[in-house]
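Here's data-v8.pdb, which has PDB, C-alpha atoms:
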```pdb
ATOM      1  CA  MET B 104      25.929  -2.740  -4.136
ATOM      2  CA  PRO B 105      22.407  -2.015  -5.390
ATOM      3  CA  VAL B 106      20.870  -4.016  -2.519
ATOM      4  CA  GLU B 107      22.223  -3.952   1.035
ATOM      5  CA  SER B 108      21.170  -6.013   4.045
ATOM      6  CA  LEU B 109      20.740  -3.961   7.228
ATOM      7  CA  ASP B 110      20.056  -4.569  10.938
ATOM      8  CA  GLY B 111      21.268  -8.134  10.937
ATOM      9  CA  GLY B 112      19.260  -9.072   7.878
ATOM     10  CA  LYS B 113      15.975  -7.593   9.105
ATOM     11  CA  LYS B 114      15.960  -4.788   6.526
ATOM     12  CA  LEU B 115      16.967  -4.269   2.916
ATOM     13  CA  ARG B 116      18.145  -1.047   1.294
ATOM     14  CA  LEU B 117      17.879  -0.518  -2.461
ATOM     15  CA  VAL B 118      20.081   2.120  -4.065
ATOM     16  CA  HIS B 119      19.519   3.415  -7.592
ATOM     17  CA  PRO B 120      22.613   4.670  -9.443
ATOM     18  CA  LYS B 121      20.990   8.091  -9.890
ATOM     19  CA  GLY B 122      20.298   8.646  -6.208
ATOM     20  CA  ALA B 123      16.900   7.142  -5.364
ATOM     21  CA  THR B 124      16.829   4.890  -2.282
ATOM     22  CA  LEU B 125      14.363   2.546  -0.601
ATOM     23  CA  GLU B 126      14.321   0.757   2.757
ATOM     24  CA  LEU B 127      12.186  -2.322   3.353
ATOM     25  CA  LEU B 128      11.506  -4.241   6.551
ATOM     26  CA  LEU B 129      11.252  -7.977   5.874
ATOM     27  CA  TYR B 130       8.661  -8.198   8.645
ATOM     28  CA  GLY B 131       5.482  -7.561   6.674
ATOM     29  CA  ALA B 132       7.489  -6.768   3.521
ATOM     30  CA  THR B 133       6.800  -3.188   4.587
ATOM     31  CA  ILE B 134       8.520  -0.416   2.658
ATOM     32  CA  LEU B 135       9.628   2.127   5.274
ATOM     33  CA  SER B 136      11.262   4.771   3.122
ATOM     34  CA  TRP B 137      11.302   5.813  -0.517
ATOM     35  CA  LYS B 138      13.407   8.798  -1.484
ATOM     36  CA  SER B 139      13.894  10.201  -4.946
ATOM     37  CA  ALA B 140      14.241  13.389  -6.891
ATOM     38  CA  VAL B 141      11.111  14.869  -8.476
ATOM     39  CA  PRO B 142      11.107  15.218 -12.279
ATOM     40  CA  GLY B 143      11.598  18.860 -13.211
ATOM     41  CA  VAL B 144      12.511  19.963  -9.688
ATOM     42  CA  ASP B 145      16.083  21.045  -8.990
ATOM     43  CA  VAL B 146      16.844  19.899  -5.442
ATOM     44  CA  THR B 147      20.127  18.738  -3.943
ATOM     45  CA  ALA B 148      18.919  15.769  -1.919
ATOM     46  CA  PRO B 149      16.253  13.138  -2.716
ATOM     47  CA  ILE B 150      12.840  13.766  -1.120
ATOM     48  CA  GLU B 151      11.098  11.332   1.254
ATOM     49  CA  HIS B 152       7.703  10.339  -0.155
ATOM     50  CA  LEU B 153       6.387   8.054   2.603
ATOM     51  CA  PHE B 154       5.217   8.688   6.160
ATOM     52  CA  VAL B 155       6.125   6.399   9.065
ATOM     53  CA  SER B 156       5.037   7.318  12.585
ATOM     54  CA  SER B 157       7.921   7.954  14.982
ATOM     55  CA  LYS B 158       6.078   5.616  17.379
ATOM     56  CA  ALA B 159       5.803   2.771  14.863
ATOM     57  CA  ALA B 160       7.073  -0.606  16.071
ATOM     58  CA  LEU B 161       9.872  -1.839  13.797
ATOM     59  CA  ASP B 162      10.798  -4.899  15.869
ATOM     60  CA  GLY B 163       8.239  -7.324  14.447
ATOM     61  CA  SER B 164       5.917  -7.064  17.436
ATOM     62  CA  LYS B 165       3.036  -5.506  15.466
ATOM     63  CA  PRO B 166       2.248  -4.125  12.006
ATOM     64  CA  VAL B 167       4.145  -0.984  11.039
ATOM     65  CA  ARG B 168       2.220   2.281  11.322
ATOM     66  CA  GLY B 169       3.161   3.808   7.989
ATOM     67  CA  GLY B 170       5.137   3.102   4.843
ATOM     68  CA  ILE B 171       3.491   0.535   2.557
ATOM     69  CA  PRO B 172       2.086  -2.457   4.484
ATOM     70  CA  VAL B 173       0.706  -5.388   2.452
ATOM     71  CA  VAL B 174      -2.900  -6.392   3.198
ATOM     72  CA  PHE B 175      -3.846 -10.022   2.394
ATOM     73  CA  PRO B 176      -6.091 -12.109   2.355
ATOM     74  CA  CYS B 177      -8.755  -9.953   4.053
ATOM     75  CA  PHE B 178      -9.362  -6.228   4.303
ATOM     76  CA  GLY B 179     -10.429  -5.180   7.770
ATOM     77  CA  PRO B 180     -11.787  -7.806  10.179
ATOM     78  CA  PRO B 181     -12.152 -11.260   8.564
ATOM     79  CA  THR B 182     -15.625 -12.051   7.255
ATOM     80  CA  ARG B 183     -15.142 -15.453   5.612
ATOM     81  CA  GLU B 184     -15.132 -18.746   7.514
ATOM     82  CA  GLU B 185     -11.691 -19.760   6.266
ATOM     83  CA  HIS B 186     -10.257 -16.464   7.536
ATOM     84  CA  LYS B 187     -11.876 -16.509  10.980
ATOM     85  CA  HIS B 188      -8.584 -17.024  12.837
ATOM     86  CA  LEU B 189      -6.848 -14.127  11.101
ATOM     87  CA  PRO B 190      -6.192 -10.675  12.564
ATOM     88  CA  GLN B 191      -7.494  -7.523  10.905
ATOM     89  CA  HIS B 192      -6.040  -7.072   7.407
ATOM     90  CA  GLY B 193      -4.765 -10.663   7.345
ATOM     91  CA  TYR B 194      -1.311 -12.167   7.823
ATOM     92  CA  ALA B 195       0.889 -10.715   5.068
ATOM     93  CA  ARG B 196       1.782  -7.605   7.059
ATOM     94  CA  ILE B 197       2.728  -9.643  10.163
ATOM     95  CA  SER B 198       4.756 -12.360   8.430
ATOM     96  CA  THR B 199       8.509 -12.279   7.944
ATOM     97  CA  TRP B 200       9.203 -12.420   4.219
ATOM     98  CA  ALA B 201      12.340 -13.797   2.606
ATOM     99  CA  TRP B 202      14.733 -12.446  -0.019
ATOM    100  CA  ASP B 203      16.803 -14.954  -1.979
ATOM    101  CA  GLY B 204      19.743 -12.582  -2.357
ATOM    102  CA  ASN B 205      19.231 -12.007  -6.070
ATOM    103  CA  THR B 206      18.121  -8.966  -8.030
ATOM    104  CA  VAL B 207      15.488  -9.124 -10.759
ATOM    105  CA  LEU B 208      16.918  -5.981 -12.354
ATOM    106  CA  ASP B 209      20.171  -4.144 -11.719
ATOM    107  CA  ASN B 210      20.922  -1.523 -14.333
ATOM    108  CA  ASP B 211      20.738   2.204 -15.005
ATOM    109  CA  THR B 212      16.957   1.938 -15.371
ATOM    110  CA  ALA B 213      15.919   0.156 -12.177
ATOM    111  CA  VAL B 214      16.835  -2.006  -9.211
ATOM    112  CA  SER B 215      14.308  -4.761  -8.495
ATOM    113  CA  ILE B 216      14.000  -7.572  -5.941
ATOM    114  CA  ARG B 217      11.509 -10.377  -5.374
ATOM    115  CA  LEU B 218      10.379 -11.440  -1.898
ATOM    116  CA  SER B 219       8.414 -14.508  -0.848
ATOM    117  CA  ASP B 220       6.492 -15.271   2.327
ATOM    118  CA  PRO B 221       7.070 -18.817   3.595
ATOM    119  CA  LEU B 222       3.960 -18.632   5.797
ATOM    120  CA  MET B 223       1.835 -18.521   2.670
ATOM    121  CA  ASN B 224       2.650 -22.170   1.982
ATOM    122  CA  SER B 225       1.274 -23.186   5.373
ATOM    123  CA  THR B 226      -2.292 -23.980   6.352
ATOM    124  CA  VAL B 227      -1.749 -22.997   9.995
ATOM    125  CA  LEU B 228      -3.922 -19.879   9.815
ATOM    126  CA  THR B 229      -6.204 -20.777   6.921
ATOM    127  CA  GLN B 230      -6.956 -23.759   4.700
ATOM    128  CA  ASP B 231      -5.758 -21.806   1.667
ATOM    129  CA  GLN B 232      -3.121 -23.276  -0.613
ATOM    130  CA  VAL B 233      -1.423 -20.083  -1.791
ATOM    131  CA  ALA B 234       1.993 -18.688  -2.625
ATOM    132  CA  LEU B 235       2.772 -14.989  -2.473
ATOM    133  CA  ALA B 236       5.614 -13.051  -4.038
ATOM    134  CA  TYR B 237       6.262  -9.310  -3.810
ATOM    135  CA  VAL B 238       8.308  -7.554  -6.474
ATOM    136  CA  VAL B 239       9.693  -4.114  -5.599
ATOM    137  CA  THR B 240      11.257  -2.038  -8.370
ATOM    138  CA  LEU B 241      13.061   1.254  -7.722
ATOM    139  CA  ALA B 242      13.680   3.609 -10.655
ATOM    140  CA  GLU B 243      15.156   7.108 -10.712
ATOM    141  CA  HIS B 244      11.782   8.840 -10.399
ATOM    142  CA  GLN B 245       9.407   5.929  -9.782
ATOM    143  CA  LEU B 246       8.513   3.053  -7.470
ATOM    144  CA  SER B 247       6.602  -0.079  -8.487
ATOM    145  CA  THR B 248       5.264  -2.651  -6.025
ATOM    146  CA  ASP B 249       3.576  -5.795  -7.337
ATOM    147  CA  LEU B 250       1.895  -8.525  -5.290
ATOM    148  CA  HIS B 251       1.800 -11.914  -7.065
ATOM    149  CA  VAL B 252      -0.807 -14.384  -5.782
ATOM    150  CA  THR B 253      -0.819 -18.022  -6.939
ATOM    151  CA  ASN B 254      -3.387 -20.693  -6.091
ATOM    152  CA  THR B 255      -1.201 -23.740  -5.466
ATOM    153  CA  SER B 256      -4.038 -26.206  -4.837
ATOM    154  CA  THR B 257      -4.558 -29.211  -7.083
ATOM    155  CA  ALA B 258      -6.917 -29.324 -10.042
ATOM    156  CA  GLY B 259     -10.512 -29.766  -8.993
ATOM    157  CA  SER B 260     -10.034 -27.955  -5.689
ATOM    158  CA  ALA B 261     -12.032 -24.912  -4.697
ATOM    159  CA  PRO B 262     -10.938 -21.518  -6.020
ATOM    160  CA  LEU B 263      -8.801 -19.282  -3.838
ATOM    161  CA  THR B 264     -10.880 -16.405  -2.473
ATOM    162  CA  PHE B 265      -9.179 -13.298  -1.099
ATOM    163  CA  GLN B 266      -8.884  -9.550  -0.840
ATOM    164  CA  ALA B 267      -5.646  -7.583  -1.240
ATOM    165  CA  LEU B 268      -4.506  -3.985  -0.829
ATOM    166  CA  LEU B 269      -1.358  -1.858  -0.630
ATOM    167  CA  HIS B 270      -1.823   0.399   2.404
ATOM    168  CA  THR B 271       0.345   3.308   1.204
ATOM    169  CA  TYR B 272       0.992   6.240   3.558
ATOM    170  CA  PHE B 273       2.056   9.272   1.512
ATOM    171  CA  ARG B 274       3.945  12.027   3.321
ATOM    172  CA  ALA B 275       1.771  15.072   2.597
ATOM    173  CA  PRO B 276       0.012  17.923   4.454
ATOM    174  CA  ALA B 277      -3.467  16.506   5.106
ATOM    175  CA  LYS B 278      -5.141  19.897   5.410
ATOM    176  CA  SER B 279      -4.053  21.158   1.992
ATOM    177  CA  LEU B 280      -4.013  18.122  -0.302
ATOM    178  CA  HIS B 281      -6.449  17.094  -3.030
ATOM    179  CA  VAL B 282      -7.110  13.746  -4.694
ATOM    180  CA  ASP B 283      -8.119  13.588  -8.336
ATOM    181  CA  GLY B 284      -9.668  10.597 -10.108
ATOM    182  CA  LEU B 285     -12.532   9.755  -7.751
ATOM    183  CA  LYS B 286     -15.416  11.860  -9.086
ATOM    184  CA  GLY B 287     -18.414   9.813 -10.205
ATOM    185  CA  LEU B 288     -17.318   6.618  -8.446
ATOM    186  CA  TYR B 289     -19.524   4.622  -6.120
ATOM    187  CA  TYR B 290     -18.056   4.490  -2.625
ATOM    188  CA  THR B 291     -18.877   3.419   0.901
ATOM    189  CA  ASP B 292     -18.144   5.685   3.850
ATOM    190  CA  LYS B 293     -16.899   3.460   6.687
ATOM    191  CA  THR B 294     -16.936   6.351   9.173
ATOM    192  CA  LEU B 295     -20.742   6.129   9.317
ATOM    193  CA  GLY B 296     -20.452   2.938  11.345
ATOM    194  CA  SER B 297     -23.376   1.141   9.729
ATOM    195  CA  ILE B 298     -23.021  -2.460   8.499
ATOM    196  CA  PRO B 299     -23.044  -2.581   5.590
ATOM    197  CA  PRO B 300     -22.295   1.126   5.017
ATOM    198  CA  PRO B 301     -24.486   2.838   2.413
ATOM    199  CA  ARG B 302     -23.169   3.369  -1.116
ATOM    200  CA  SER B 303     -22.923   6.900  -2.453
ATOM    201  CA  ILE B 304     -21.576   8.578  -5.591
ATOM    202  CA  GLU B 305     -18.580  10.891  -5.234
ATOM    203  CA  GLN B 306     -19.720  14.332  -6.382
ATOM    204  CA  ARG B 307     -16.563  16.326  -5.678
ATOM    205  CA  ALA B 308     -14.287  17.184  -8.579
ATOM    206  CA  VAL B 309     -11.368  16.608  -6.209
ATOM    207  CA  ALA B 310     -11.585  14.847  -2.866
ATOM    208  CA  ASP B 311      -9.855  15.895   0.337
ATOM    209  CA  VAL B 312      -9.332  14.719   3.915
ATOM    210  CA  GLN B 313     -10.308  17.890   5.766
ATOM    211  CA  GLN B 314     -12.245  15.666   8.174
ATOM    212  CA  ILE B 315     -12.053  12.027   9.206
ATOM    213  CA  THR B 316     -12.101   9.960   6.014
ATOM    214  CA  ASP B 317     -12.371   6.220   5.443
ATOM    215  CA  SER B 318     -13.908   5.678   2.013
ATOM    216  CA  VAL B 319     -13.776   2.621  -0.240
ATOM    217  CA  TYR B 320     -14.188   3.574  -3.909
ATOM    218  CA  GLU B 321     -15.307   0.869  -6.325
ATOM    219  CA  ASN B 322     -14.185   0.188  -9.885
ATOM    220  CA  GLY B 323     -11.959   3.234 -10.205
ATOM    221  CA  PRO B 324     -10.078   4.473 -13.274
ATOM    222  CA  ARG B 325      -6.873   3.011 -11.772
ATOM    223  CA  GLU B 326      -5.074   6.332 -12.179
ATOM    224  CA  TYR B 327      -5.157   8.907  -9.384
ATOM    225  CA  THR B 328      -3.250  12.025  -8.437
ATOM    226  CA  VAL B 329      -2.578  13.442  -4.987
ATOM    227  CA  THR B 330      -1.384  17.056  -5.003
ATOM    228  CA  TRP B 331      -0.522  19.633  -2.369
ATOM    229  CA  PRO B 332       1.136  23.081  -2.600
ATOM    230  CA  ALA B 333       4.708  21.757  -2.589
ATOM    231  CA  GLY B 334       4.382  18.376  -4.273
ATOM    232  CA  GLY B 335       2.331  15.531  -5.622
ATOM    233  CA  ILE B 336       2.202  11.828  -6.493
ATOM    234  CA  LYS B 337       0.658   9.984  -9.416
ATOM    235  CA  VAL B 338      -0.703   6.543  -8.571
ATOM    236  CA  LYS B 339      -1.331   3.952 -11.285
ATOM    237  CA  ALA B 340      -3.027   0.768 -10.104
ATOM    238  CA  ILE B 341      -2.555  -2.585 -11.829
ATOM    239  CA  GLY B 342      -5.092  -5.344 -11.184
ATOM    240  CA  PHE B 343      -6.582  -3.413  -8.261
ATOM    241  CA  LYS B 344     -10.052  -2.240  -9.251
ATOM    242  CA  ASP B 345     -10.785  -0.334  -6.014
ATOM    243  CA  VAL B 346      -9.038   2.371  -4.032
ATOM    244  CA  VAL B 347      -9.306   3.431  -0.389
ATOM    245  CA  LEU B 348      -8.876   7.004   0.850
ATOM    246  CA  TRP B 349      -8.079   7.195   4.565
ATOM    247  CA  ASN B 350      -7.049   9.704   7.194
ATOM    248  CA  PRO B 351      -8.287   9.384  10.789
ATOM    249  CA  GLY B 352      -8.363  13.096  11.609
ATOM    250  CA  ALA B 353      -7.511  14.510  15.022
ATOM    251  CA  THR B 354     -10.143  12.825  17.198
ATOM    252  CA  ALA B 355      -9.601   9.263  15.997
ATOM    253  CA  GLY B 356      -5.925   9.822  15.158
ATOM    254  CA  SER B 357      -5.082  10.835  18.716
ATOM    255  CA  LYS B 358      -6.451   7.492  19.931
ATOM    256  CA  ILE B 359      -4.107   5.408  17.760
ATOM    257  CA  ALA B 360      -1.452   4.201  20.196
ATOM    258  CA  ASP B 361       1.438   4.054  17.710
ATOM    259  CA  MET B 362       0.613   7.339  15.963
ATOM    260  CA  GLU B 363       2.927  10.232  16.755
ATOM    261  CA  GLU B 364       1.392  13.439  18.082
ATOM    262  CA  GLY B 365      -0.222  15.278  15.191
ATOM    263  CA  GLY B 366       0.874  12.575  12.766
ATOM    264  CA  TRP B 367      -2.529  12.519  11.053
ATOM    265  CA  GLU B 368      -1.746  16.004   9.752
ATOM    266  CA  ARG B 369       1.301  14.739   7.865
ATOM    267  CA  TYR B 370      -0.001  11.963   5.659
ATOM    268  CA  VAL B 371      -2.783  10.596   3.523
ATOM    269  CA  CYS B 372      -3.420   6.963   2.656
ATOM    270  CA  LEU B 373      -4.461   6.325  -0.944
ATOM    271  CA  GLU B 374      -4.575   2.550  -1.199
ATOM    272  CA  PRO B 375      -5.133   0.568  -4.413
ATOM    273  CA  GLY B 376      -6.843  -2.700  -3.621
ATOM    274  CA  TYR B 377      -9.363  -5.390  -4.477
ATOM    275  CA  VAL B 378     -11.597  -4.950  -1.432
ATOM    276  CA  SER B 379     -15.183  -4.040  -2.320
ATOM    277  CA  GLU B 380     -15.679  -7.742  -3.024
ATOM    278  CA  PHE B 381     -13.524 -10.886  -3.102
ATOM    279  CA  LYS B 382     -11.233 -11.957  -5.914
ATOM    280  CA  GLN B 383     -11.242 -15.622  -6.942
ATOM    281  CA  ILE B 384      -8.595 -17.541  -8.871
ATOM    282  CA  GLN B 385      -8.755 -21.195  -9.878
ATOM    283  CA  PRO B 386      -6.164 -23.887  -8.980
ATOM    284  CA  GLY B 387      -2.907 -23.193 -10.789
ATOM    285  CA  GLU B 388      -3.875 -19.627 -11.670
ATOM    286  CA  SER B 389      -2.027 -16.470 -10.657
ATOM    287  CA  TRP B 390      -3.051 -12.855 -10.243
ATOM    288  CA  ILE B 391      -1.047  -9.645  -9.869
ATOM    289  CA  GLY B 392      -2.089  -6.501  -8.031
ATOM    290  CA  GLY B 393       0.303  -3.596  -8.068
ATOM    291  CA  GLN B 394       0.923   0.115  -8.140
ATOM    292  CA  VAL B 395       3.297   2.486  -9.904
ATOM    293  CA  LEU B 396       4.087   5.650  -7.935
ATOM    294  CA  THR B 397       5.570   8.731  -9.599
ATOM    295  CA  PRO B 398       6.322  12.012  -7.808
ATOM    296  CA  ILE B 399       5.250  15.114  -9.715
ATOM    297  CA  LYS B 400       5.721  18.859  -9.604
ATOM    298  CA  PRO B 401       2.312  20.558  -9.346
ATOM    299  CA  ALA B 402       1.449  23.044 -12.083
ATOM    300  CA  GLY B 403       2.642  26.541 -11.291
ATOM    301  CA  LEU B 404       5.313  25.420  -8.827
ATOM    302  CA  SER B 405       8.676  27.016  -9.539
ATOM    303  CA  PHE B 406      12.096  26.660  -7.961
ATOM    304  CA  SER B 407      14.927  29.132  -8.059
TER     305      SER B 407
END
```
Starting from the file, give its structure as structure tokens.
Amino acid sequence: MPVESLDGGKKLRLVHPKGATLELLLYGATILSWKSAVPGVDVTAPIEHLFVSSKAALDGSKPVRGGIPVVFPCFGPPTREEHKHLPQHGYARISTWAWDGNTVLDNDTAVSIRLSDPLMNSTVLTQDQVALAYVVTLAEHQLSTDLHVTNTSTAGSAPLTFQALLHTYFRAPAKSLHVDGLKGLYYTDKTLGSIPPPRSIEQRAVADVQQITDSVYENGPREYTVTWPAGGIKVKAIGFKDVVLWNPGATAGSKIADMEEGGWERYVCLEPGYVSEFKQIQPGESWIGGQVLTPIKPAGLSFS
């Protein structure tokens, strides 16, 4: 079976015929694990690409600390009137999504499923008329995650206004990684604490997270690379014009209740999103924001 239901229907497991696997928690539609081989690297077992804190709650009591949480319809604390009753980062990551039991794709190329969030059709938390779908596609050496947003309001209604982001935690050594694709971009440094934070231009050829980092880059090239001595990931964004680079460092990281000891040293968040401003779509319109993740072998790395 390419898709298995686990833990009494609370999780799904996707299995690619060539060995890649993925586990997804329906609470928050949060991908918890993605394992695959790396092109050009001869290893026996698939490699885990995502970080999830050993202290993360997986029982639906709070958002998962790690994996790939879905942020919608606000990034950070809500700032719009219609979102005032929402928690930080919105409701998508704290809603229980549904799978209809079908696969979008099931062949030698990829296994793909489509999830929907029934809460999105409710106006309990906001006055928005919106439907969300999340399409997850597992290939031999690649993972694609696509968030579909549809304004379901009637003609003549106000546009749907929102932010969205995929909060991806990559398993990587924070002290020795580099991020390419950010040089020359305008960004805001949220660690400065000012509201609004000042805009700067990224001058570094490659960025890092040697110290606490929480930077929102605007209008990026939509292709980024994270590399470290033993691995790397290429990130291609679709529809997401911005990207967030985040690692809390030791001081702030040690204060995160559901972060394992030293966990901040074992991941970096590179998060494609539409968050430097708000996206609007008219009644009946749809929008897709997604990412394609591909593990890579850094130049010069050899295996015996």
Size and centre in Å, one decimal, axis-aligned box, all listed segment 166-170 of chain B atoms plus 4 Å per side, as JSON:
```
{"center_x": 3.7, "center_y": -0.2, "center_z": 8.4, "size_x": 10.9, "size_y": 15.9, "size_z": 15.2}
```
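Of the listed residues (B:Arg369, B:Leu263, B:Asp361, B:Ser279), B:Leu263 comes nearest to Trp390 of chain B; the distances count all atoms listed in the file.
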Hey, what comes out of the PyMOL selection byres ((chain B and resi 188-196) around 8) on this file? Could you write it as a PDB file with C-alpha atoms, keeping the file's coordinate frame?
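Listed below is the output, selection-v1.pdb:
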```pdb
ATOM      1  CA  TYR B 130       8.661  -8.198   8.645  1.00  0.00           C
ATOM      2  CA  GLY B 131       5.482  -7.561   6.674  1.00  0.00           C
ATOM      3  CA  ALA B 132       7.489  -6.768   3.521  1.00  0.00           C
ATOM      4  CA  THR B 133       6.800  -3.188   4.587  1.00  0.00           C
ATOM      5  CA  PRO B 166       2.248  -4.125  12.006  1.00  0.00           C
ATOM      6  CA  PRO B 172       2.086  -2.457   4.484  1.00  0.00           C
ATOM      7  CA  VAL B 173       0.706  -5.388   2.452  1.00  0.00           C
ATOM      8  CA  VAL B 174      -2.900  -6.392   3.198  1.00  0.00           C
ATOM      9  CA  PHE B 175      -3.846 -10.022   2.394  1.00  0.00           C
ATOM     10  CA  PRO B 176      -6.091 -12.109   2.355  1.00  0.00           C
ATOM     11  CA  CYS B 177      -8.755  -9.953   4.053  1.00  0.00           C
ATOM     12  CA  PHE B 178      -9.362  -6.228   4.303  1.00  0.00           C
ATOM     13  CA  GLY B 179     -10.429  -5.180   7.770  1.00  0.00           C
ATOM     14  CA  PRO B 180     -11.787  -7.806  10.179  1.00  0.00           C
ATOM     15  CA  PRO B 181     -12.152 -11.260   8.564  1.00  0.00           C
ATOM     16  CA  GLU B 185     -11.691 -19.760   6.266  1.00  0.00           C
ATOM     17  CA  HIS B 186     -10.257 -16.464   7.536  1.00  0.00           C
ATOM     18  CA  LYS B 187     -11.876 -16.509  10.980  1.00  0.00           C
ATOM     19  CA  ILE B 197       2.728  -9.643  10.163  1.00  0.00           C
ATOM     20  CA  SER B 198       4.756 -12.360   8.430  1.00  0.00           C
ATOM     21  CA  ASP B 220       6.492 -15.271   2.327  1.00  0.00           C
ATOM     22  CA  LEU B 228      -3.922 -19.879   9.815  1.00  0.00           C
ATOM     23  CA  THR B 229      -6.204 -20.777   6.921  1.00  0.00           C
TER      24      THR B 229
END
```
Run the PyMOL selection byres ((chain B and resi 339-351) around 6) on the file and write out the hits as a list in words.
->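 Matching residues under the PyMOL selection byres ((chain B and resi 339-351) around 6) are Ile315, Thr316, Asp317, Ser318, Val319, Tyr320, Glu321, Asn322, Gly323, Arg325, Glu326, Val338, Gly352, Ala355, Gly356, Val371, Cys372, Leu373, Glu374, Pro375, Gly376, Tyr377, Gly392, Gly393, Gln394 and Val395 of chain B.
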Within 12 Å of segment 199-201 of chain B, counting all atoms listed in the file, which residues qualify if same-chain residues fewer than 5 places away don't, as a compact mmCIF listing (two decimals) with C-alpha atoms, keeping the file's coordinate frame?
```txt
# COMPACT_ATOMS: atom_id res chain seq x y z
CA SER B 108 21.17 -6.01 4.04
CA GLY B 112 19.26 -9.07 7.88
CA LYS B 113 15.98 -7.59 9.10
CA LYS B 114 15.96 -4.79 6.53
CA LEU B 115 16.97 -4.27 2.92
CA LEU B 127 12.19 -2.32 3.35
CA LEU B 128 11.51 -4.24 6.55
CA LEU B 129 11.25 -7.98 5.87
CA TYR B 130 8.66 -8.20 8.64
CA GLY B 131 5.48 -7.56 6.67
CA ALA B 132 7.49 -6.77 3.52
CA THR B 133 6.80 -3.19 4.59
CA ASP B 162 10.80 -4.90 15.87
CA GLY B 163 8.24 -7.32 14.45
CA SER B 164 5.92 -7.06 17.44
CA LYS B 165 3.04 -5.51 15.47
CA PRO B 166 2.25 -4.12 12.01
CA VAL B 173 0.71 -5.39 2.45
CA TYR B 194 -1.31 -12.17 7.82
CA ILE B 216 14.00 -7.57 -5.94
CA ARG B 217 11.51 -10.38 -5.37
CA LEU B 218 10.38 -11.44 -1.90
CA SER B 219 8.41 -14.51 -0.85
CA ASP B 220 6.49 -15.27 2.33
CA PRO B 221 7.07 -18.82 3.60
CA LEU B 222 3.96 -18.63 5.80
CA MET B 223 1.84 -18.52 2.67
CA ASN B 224 2.65 -22.17 1.98
CA ALA B 234 1.99 -18.69 -2.62
CA LEU B 235 2.77 -14.99 -2.47
CA ALA B 236 5.61 -13.05 -4.04
CA TYR B 237 6.26 -9.31 -3.81
CA VAL B 238 8.31 -7.55 -6.47
```
Ground truth for the PyMOL selection byres ((chain B and resi 384-388) around 10), written as a ChimeraX atom specification = /B:232-233,252-265,382-383,389-390
Could the residues of segment 218-268 of chain B that have an atom at most 8 Å from segment 118-121 of chain B be listed as a Markdown table, each with its closest atom pair and the distance in Å to one decimal, counting all atoms listed in the file and ordered by chain and ascending residue number?
```
| residue | atom | partner | partner_atom | distance |
| --- | --- | --- | --- | --- |
| B:Leu241 | CA | B:His119 | CA | 6.8 |
| B:Ala242 | CA | B:His119 | CA | 6.6 |
| B:Glu243 | CA | B:Lys121 | CA | 6.0 |
```
Residues as selected, C-alpha atoms, written as a PDB file, in the coordinates of the input, can you do that?
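Final output, part-v2.pdb:
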```pdb
ATOM      1  CA  LEU B 241      13.061   1.254  -7.722  1.00  0.00           C
ATOM      2  CA  ALA B 242      13.680   3.609 -10.655  1.00  0.00           C
ATOM      3  CA  GLU B 243      15.156   7.108 -10.712  1.00  0.00           C
TER       4      GLU B 243
END
```
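If you measure from each of B:Asp209, B:Glu363, B:Asp311, B:Asp283 to Val155 of chain B using all atoms listed in the file, the closest one turns out to be B:Glu363.
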